[in-house]
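For reference, the structure discussed in these notes is given below.
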Amino acid sequence: MNAPRPSPAKFLARLAVLVCALPLAAAATQTDQIQISLPDGCLPDDVAAAQDIEGRLRGAELSARDGNMYRQIDLHIPAEVSGVMADGGTIRQLRFSDVAGRPDRWQRRRGHLVDAVSGGWVAKDLVERGLAIAAPDRARPGCFPSLLKVESTARARKQGLWASEKVHSAHRPDALLARVGHYTLVAGRVLSVGETRSTLYLNFGYRWSRDFTATIAKEELDAFIAAGVDAGSLEGAAIRVRGMLRQSGGPLVEISHPAQIERLETDGARR
């Protein structure tokens with residue numbers, strides 16, 4: 001029998017405790033000797049040297065003393081968690097590696113943030129505490145195994161946002177419709193793989209107008225193969241996908257990054 005889910009007030013209170021527990025960084029003394037926890041292969045070969053910055057860190061965003069805003073990429077932070085994080089924040093010394101190359105429309109520079117004292121990766125810290133969901137987008141596939149591992153642990157412990165979030169069944173499309181517009185994890189078995197000239201379809205049911213589907217643009221498939229994900233061979237496979245849920249006939253997630261797909265064992269555990 002499932003335990004009752006916490007009330008919204010209790011959920012936000014738990015999040016506030018987690019956010020307040022984010023460590024304050026002491027003054028750095030030998031930052032060149034820190035052990036960086038950013039996974040190997042996370043950064044493009046042509047990335048510029050990391051930049052030392054200082055400012056107030058609120059969740060995945062740093063308001064730096066140089067007047068710039070910096071954002072840790074490849075995280076989804078639900079609105080209720082962002083609201084808790086927006087208040088306060090801690091003064092941190094960090095190293096920033098720019099992956100995007102140019103600011104986004106909110107003038108935030110986007111890349112990886114690493115603590116200049118402990119070497120801790122901000123993305124991993126937030127996911128581990130249940131304050132963010134791994135949302136593969138810009139980083140290389142090698143970034144994500146460690147993130148997905150700590151996310152799985154946070155999910156099992158119902159840590160932070162996982163006190164109310166869960167993995168949804170791909171085979172309950174009516175329930176998924178309530179999630180349209182939300183970043184969602186969906187698991188199930190691919191019943192068939194279809195394609196058009198431009199798109200590959202992972203079908204979790206036989207009625208396209210009602211059942212859940214994940215799609216991949218064919219122009220992206222070479223990148224998937226290079227990352228070890230042969231999407232065209234997934235018929236019959238149990239997988240978990242993640243992304244913003246939208247409606248196109250039935251509920252649908254557009255897959256643009258190989259790490260949005262996880263192969264599962266028959267018991268639902270990640271392979």
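A note on labels: chains of the structure tokens are A, B, ... as shown, every chain counts residues from 1, and ligands are counted from 1 in their shown order.
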
Could you list, as a compact mmCIF listing (two decimals) with N, CA and C atoms, in the first residue's frame, every residue within 10 Å of Asp211 of chain A, counting only C-alpha atoms and ignoring same-chain residues fewer than 2 positions away?
```txt
# COMPACT_ATOMS: atom_id res chain seq x y z
N ALA A 170 3.82 4.72 -19.32
CA ALA A 170 3.54 5.04 -20.71
C ALA A 170 2.24 4.42 -21.20
N HIS A 171 1.73 3.48 -20.44
CA HIS A 171 0.55 2.73 -20.88
C HIS A 171 -0.74 3.21 -20.21
N ARG A 172 -0.67 4.40 -19.62
CA ARG A 172 -1.86 5.04 -19.05
C ARG A 172 -1.98 6.44 -19.65
N PRO A 173 -2.30 6.52 -20.93
CA PRO A 173 -2.29 7.82 -21.62
C PRO A 173 -3.27 8.82 -21.05
N ASP A 174 -4.41 8.37 -20.54
CA ASP A 174 -5.37 9.33 -19.98
C ASP A 174 -4.78 10.04 -18.76
N LEU A 176 -1.59 10.55 -18.30
CA LEU A 176 -0.51 11.41 -18.78
C LEU A 176 -1.02 12.76 -19.27
N ASN A 203 6.39 3.99 -30.40
CA ASN A 203 4.97 3.89 -30.06
C ASN A 203 4.77 2.95 -28.86
N PHE A 204 4.08 3.46 -27.86
CA PHE A 204 3.80 2.67 -26.66
C PHE A 204 2.37 2.14 -26.67
N GLY A 205 1.68 2.32 -27.77
CA GLY A 205 0.33 1.81 -27.96
C GLY A 205 0.07 1.73 -29.45
N TYR A 206 -1.11 1.29 -29.82
CA TYR A 206 -1.43 1.08 -31.23
C TYR A 206 -2.37 2.15 -31.79
N ARG A 207 -2.81 3.09 -30.94
CA ARG A 207 -3.71 4.14 -31.40
C ARG A 207 -3.00 5.48 -31.29
N TRP A 208 -2.48 5.97 -32.42
CA TRP A 208 -1.68 7.19 -32.39
C TRP A 208 -2.47 8.38 -31.86
N SER A 209 -3.79 8.36 -32.03
CA SER A 209 -4.61 9.49 -31.61
C SER A 209 -4.87 9.50 -30.11
N THR A 213 3.48 8.49 -27.23
CA THR A 213 4.51 8.34 -28.27
C THR A 213 5.71 9.21 -27.93
N SER A 248 -0.25 15.69 -28.96
CA SER A 248 -0.38 15.69 -30.41
C SER A 248 -1.13 14.41 -30.76
N GLY A 249 -2.47 14.50 -30.75
CA GLY A 249 -3.27 13.29 -30.71
C GLY A 249 -3.25 12.80 -29.27
N GLY A 250 -2.39 11.82 -28.97
CA GLY A 250 -2.16 11.41 -27.59
C GLY A 250 -1.00 12.18 -26.99
N PRO A 251 -0.62 11.88 -25.75
CA PRO A 251 0.53 12.54 -25.12
C PRO A 251 1.83 12.16 -25.82
N LEU A 252 2.78 13.10 -25.87
CA LEU A 252 3.99 12.93 -26.67
C LEU A 252 5.17 13.63 -26.02
```

(Q) Need to verify the contact set: Asp98 of chain A, 10 Å, only C-alpha atoms, exclusion of same-chain residues closer than 5 positions in sequence. Can you return it as a PyMOL selection string? (A) chain A and resi 43-44+47-51+70-73+103+109-113

Output N, CA and C atoms of each residue in that selection to a file, as a JSON list (two decimals), in the first residue's frame.
```json
[["chain", "number", "residue", "atom", "x", "y", "z"],
["A", 43, "LEU", "N", 32.69, 18.12, -21.42],
["A", 43, "LEU", "CA", 32.88, 19.40, -22.11],
["A", 43, "LEU", "C", 33.30, 19.18, -23.56],
["A", 44, "PRO", "N", 32.87, 20.05, -24.45],
["A", 44, "PRO", "CA", 33.36, 20.00, -25.84],
["A", 44, "PRO", "C", 34.87, 20.19, -25.88],
["A", 47, "VAL", "N", 36.07, 23.89, -25.79],
["A", 47, "VAL", "CA", 35.55, 24.79, -24.77],
["A", 47, "VAL", "C", 36.67, 25.69, -24.24],
["A", 48, "ALA", "N", 36.33, 26.94, -23.94],
["A", 48, "ALA", "CA", 37.31, 27.88, -23.38],
["A", 48, "ALA", "C", 37.66, 27.48, -21.95],
["A", 49, "ALA", "N", 38.78, 27.98, -21.47],
["A", 49, "ALA", "CA", 39.21, 27.69, -20.11],
["A", 49, "ALA", "C", 38.15, 28.14, -19.11],
["A", 50, "ALA", "N", 38.03, 27.38, -18.03],
["A", 50, "ALA", "CA", 37.05, 27.72, -17.00],
["A", 50, "ALA", "C", 37.35, 29.09, -16.40],
["A", 51, "GLN", "N", 36.30, 29.79, -16.03],
["A", 51, "GLN", "CA", 36.40, 31.14, -15.50],
["A", 51, "GLN", "C", 36.06, 31.13, -14.02],
["A", 70, "TYR", "N", 24.78, 33.49, -14.46],
["A", 70, "TYR", "CA", 25.29, 32.21, -14.95],
["A", 70, "TYR", "C", 24.28, 31.12, -14.60],
["A", 71, "ARG", "N", 24.09, 30.18, -15.52],
["A", 71, "ARG", "CA", 23.08, 29.13, -15.32],
["A", 71, "ARG", "C", 23.71, 27.76, -15.58],
["A", 72, "GLN", "N", 23.54, 26.85, -14.62],
["A", 72, "GLN", "CA", 23.93, 25.46, -14.82],
["A", 72, "GLN", "C", 22.96, 24.81, -15.80],
["A", 73, "ILE", "N", 23.50, 24.25, -16.89],
["A", 73, "ILE", "CA", 22.65, 23.67, -17.93],
["A", 73, "ILE", "C", 22.13, 22.29, -17.54],
["A", 103, "PRO", "N", 24.73, 34.10, -24.48],
["A", 103, "PRO", "CA", 23.67, 34.14, -23.46],
["A", 103, "PRO", "C", 22.32, 33.76, -24.06],
["A", 109, "ARG", "N", 24.49, 33.39, -19.06],
["A", 109, "ARG", "CA", 25.52, 32.55, -19.67],
["A", 109, "ARG", "C", 25.32, 31.13, -19.17],
["A", 110, "ARG", "N", 25.40, 30.16, -20.09],
["A", 110, "ARG", "CA", 25.01, 28.78, -19.75],
["A", 110, "ARG", "C", 26.17, 27.81, -19.90],
["A", 111, "GLY", "N", 26.31, 26.96, -18.90],
["A", 111, "GLY", "CA", 27.38, 25.97, -18.92],
["A", 111, "GLY", "C", 27.39, 25.20, -17.62],
["A", 112, "HIS", "N", 28.60, 24.80, -17.20],
["A", 112, "HIS", "CA", 28.75, 24.00, -15.98],
["A", 112, "HIS", "C", 29.35, 24.86, -14.87],
["A", 113, "LEU", "N", 28.76, 24.74, -13.69],
["A", 113, "LEU", "CA", 29.24, 25.44, -12.49],
["A", 113, "LEU", "C", 29.83, 24.42, -11.54]]
```

Q: Please provide the set of residues having any atom within 8 Å of Val193 of chain A, restricted to only C-alpha atoms, with same-chain residues fewer than 4 positions apart removed, written as a ChimeraX atom specification.
A: /A:200-203,232-235

So that I have them on file, write out the residues from the current selection with N, CA and C atoms, as a tab-separated table (two decimals), in the first residue's frame.
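Done, and the output landed in result17.tsv:
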```
chain	number	residue	atom	x	y	z
A	200	LEU	N	11.25	9.60	-36.48
A	200	LEU	CA	11.15	8.24	-35.96
A	200	LEU	C	10.18	8.26	-34.79
A	201	TYR	N	9.27	7.29	-34.74
A	201	TYR	CA	8.25	7.22	-33.71
A	201	TYR	C	8.44	5.99	-32.84
A	202	LEU	N	8.54	6.19	-31.53
A	202	LEU	CA	8.53	5.09	-30.57
A	202	LEU	C	7.12	5.02	-30.01
A	203	ASN	N	6.39	3.99	-30.40
A	203	ASN	CA	4.97	3.89	-30.06
A	203	ASN	C	4.77	2.95	-28.86
A	232	GLY	N	16.23	3.01	-33.54
A	232	GLY	CA	15.45	2.23	-34.48
A	232	GLY	C	15.29	0.77	-34.09
A	233	SER	N	16.10	0.30	-33.12
A	233	SER	CA	16.03	-1.10	-32.70
A	233	SER	C	15.33	-1.27	-31.35
A	234	LEU	N	14.58	-0.28	-30.91
A	234	LEU	CA	13.99	-0.32	-29.57
A	234	LEU	C	12.64	-1.03	-29.50
A	235	GLU	N	12.15	-1.55	-30.60
A	235	GLU	CA	10.87	-2.26	-30.54
A	235	GLU	C	10.97	-3.43	-29.56
```

Q: Go through segment 70-157 of chain A and collect every residue that DSSP, computed from the backbone, puts in helix (DSSP H, G or I); the answer should be as number ranges by chain.
A: A: 79-85, 122-128, 141-156

Q: as a PyMOL selection string, please: all residues of segment 13-205 of chain A that backbone DSSP puts in strand (DSSP E).
A: chain A and resi 51-58+61-64+69-72+75-76+90-98+108-115+133-134+167-169+183-189+192-195+199-203

Could you save the residues just selected, with C-alpha atoms, as a compact mmCIF listing (two decimals), in the first residue's frame?
```txt
# COMPACT_ATOMS: atom_id res chain seq x y z
CA GLN A 51 36.40 31.14 -15.50
CA ASP A 52 36.62 31.88 -11.76
CA ILE A 53 33.55 33.78 -10.58
CA GLU A 54 31.98 34.76 -7.28
CA GLY A 55 28.40 35.60 -6.49
CA ARG A 56 25.15 34.55 -4.91
CA LEU A 57 24.02 31.06 -5.93
CA ARG A 58 20.28 30.42 -5.93
CA GLU A 61 21.68 30.31 -11.14
CA LEU A 62 24.55 32.46 -9.99
CA SER A 63 24.21 36.25 -9.77
CA ALA A 64 27.87 37.17 -10.07
CA MET A 69 24.07 35.79 -14.61
CA TYR A 70 25.29 32.21 -14.95
CA ARG A 71 23.08 29.13 -15.32
CA GLN A 72 23.93 25.46 -14.82
CA LEU A 75 18.47 20.75 -15.22
CA HIS A 76 14.73 21.09 -14.86
CA THR A 90 24.63 31.73 -0.61
CA ILE A 91 27.81 33.55 -1.62
CA ARG A 92 29.93 31.03 -3.52
CA GLN A 93 33.20 30.90 -5.39
CA LEU A 94 32.75 28.84 -8.52
CA ARG A 95 34.36 27.92 -11.80
CA PHE A 96 32.26 28.30 -14.91
CA SER A 97 32.74 26.47 -18.21
CA ASP A 98 30.72 28.07 -21.01
CA ARG A 108 22.24 34.19 -18.71
CA ARG A 109 25.52 32.55 -19.67
CA ARG A 110 25.01 28.78 -19.75
CA GLY A 111 27.38 25.97 -18.92
CA HIS A 112 28.75 24.00 -15.98
CA LEU A 113 29.24 25.44 -12.49
CA VAL A 114 31.76 23.77 -10.19
CA ASP A 115 32.54 24.81 -6.61
CA ILE A 133 15.62 16.73 -12.43
CA ALA A 134 18.31 15.84 -14.96
CA VAL A 167 7.81 8.09 -12.98
CA HIS A 168 4.58 7.76 -14.96
CA SER A 169 3.39 4.75 -16.93
CA TYR A 183 8.64 17.94 -17.56
CA THR A 184 7.84 14.27 -17.03
CA LEU A 185 9.54 10.88 -16.71
CA VAL A 186 7.61 8.14 -18.53
CA ALA A 187 8.42 4.40 -18.53
CA GLY A 188 7.02 1.52 -20.53
CA ARG A 189 7.61 -0.96 -23.34
CA SER A 192 6.42 -0.63 -32.31
CA VAL A 193 8.81 1.71 -34.10
CA GLY A 194 7.47 3.72 -37.02
CA GLU A 195 8.88 6.39 -39.26
CA THR A 199 10.64 11.51 -37.86
CA LEU A 200 11.15 8.24 -35.96
CA TYR A 201 8.25 7.22 -33.71
CA LEU A 202 8.53 5.09 -30.57
CA ASN A 203 4.97 3.89 -30.06
```

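Proximity ranking of A:Ala123, A:Ala100, A:Leu131, A:Ala163 relative to Met85 of chain A places A:Leu131 first, based on only C-alpha atoms.
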
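Going from atom CA of Ser82 of chain A to atom CA of Ile255 of chain A covers 24.4 Å.
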
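Atom pair atom CA of Asp74 of chain A / atom CA of Ala175 of chain A: separated by 26.3 Å.
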
As a PDB file with C-alpha atoms, in the first residue's frame, please: the residues near Phe144 of chain A (cut-off 9 Å, only C-alpha atoms, same-chain neighbours under 5 positions excluded).
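Below is the file around12.pdb, written as the result:
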```
ATOM      1  CA  PRO A  39      32.665  13.838 -15.458  1.00  0.00           C
ATOM      2  CA  CYS A  42      31.383  16.421 -20.318  1.00  0.00           C
ATOM      3  CA  ALA A 134      18.309  15.838 -14.957  1.00  0.00           C
ATOM      4  CA  PRO A 136      19.569  16.365 -21.057  1.00  0.00           C
ATOM      5  CA  ALA A 139      25.886  18.636 -22.474  1.00  0.00           C
ATOM      6  CA  LYS A 149      22.450   7.497 -10.803  1.00  0.00           C
ATOM      7  CA  ALA A 259      20.398  10.625 -22.539  1.00  0.00           C
TER       8      ALA A 259
END
```

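In this structure, atom CA of Ala214 of chain A sits 10.3 Å away from atom CA of Ser256 of chain A.
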
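With distances restricted to only C-alpha atoms, A:Ile77 is the closest residue to Leu161 of chain A from A:Ala223, A:Ala217, A:Ile77, A:Val190.
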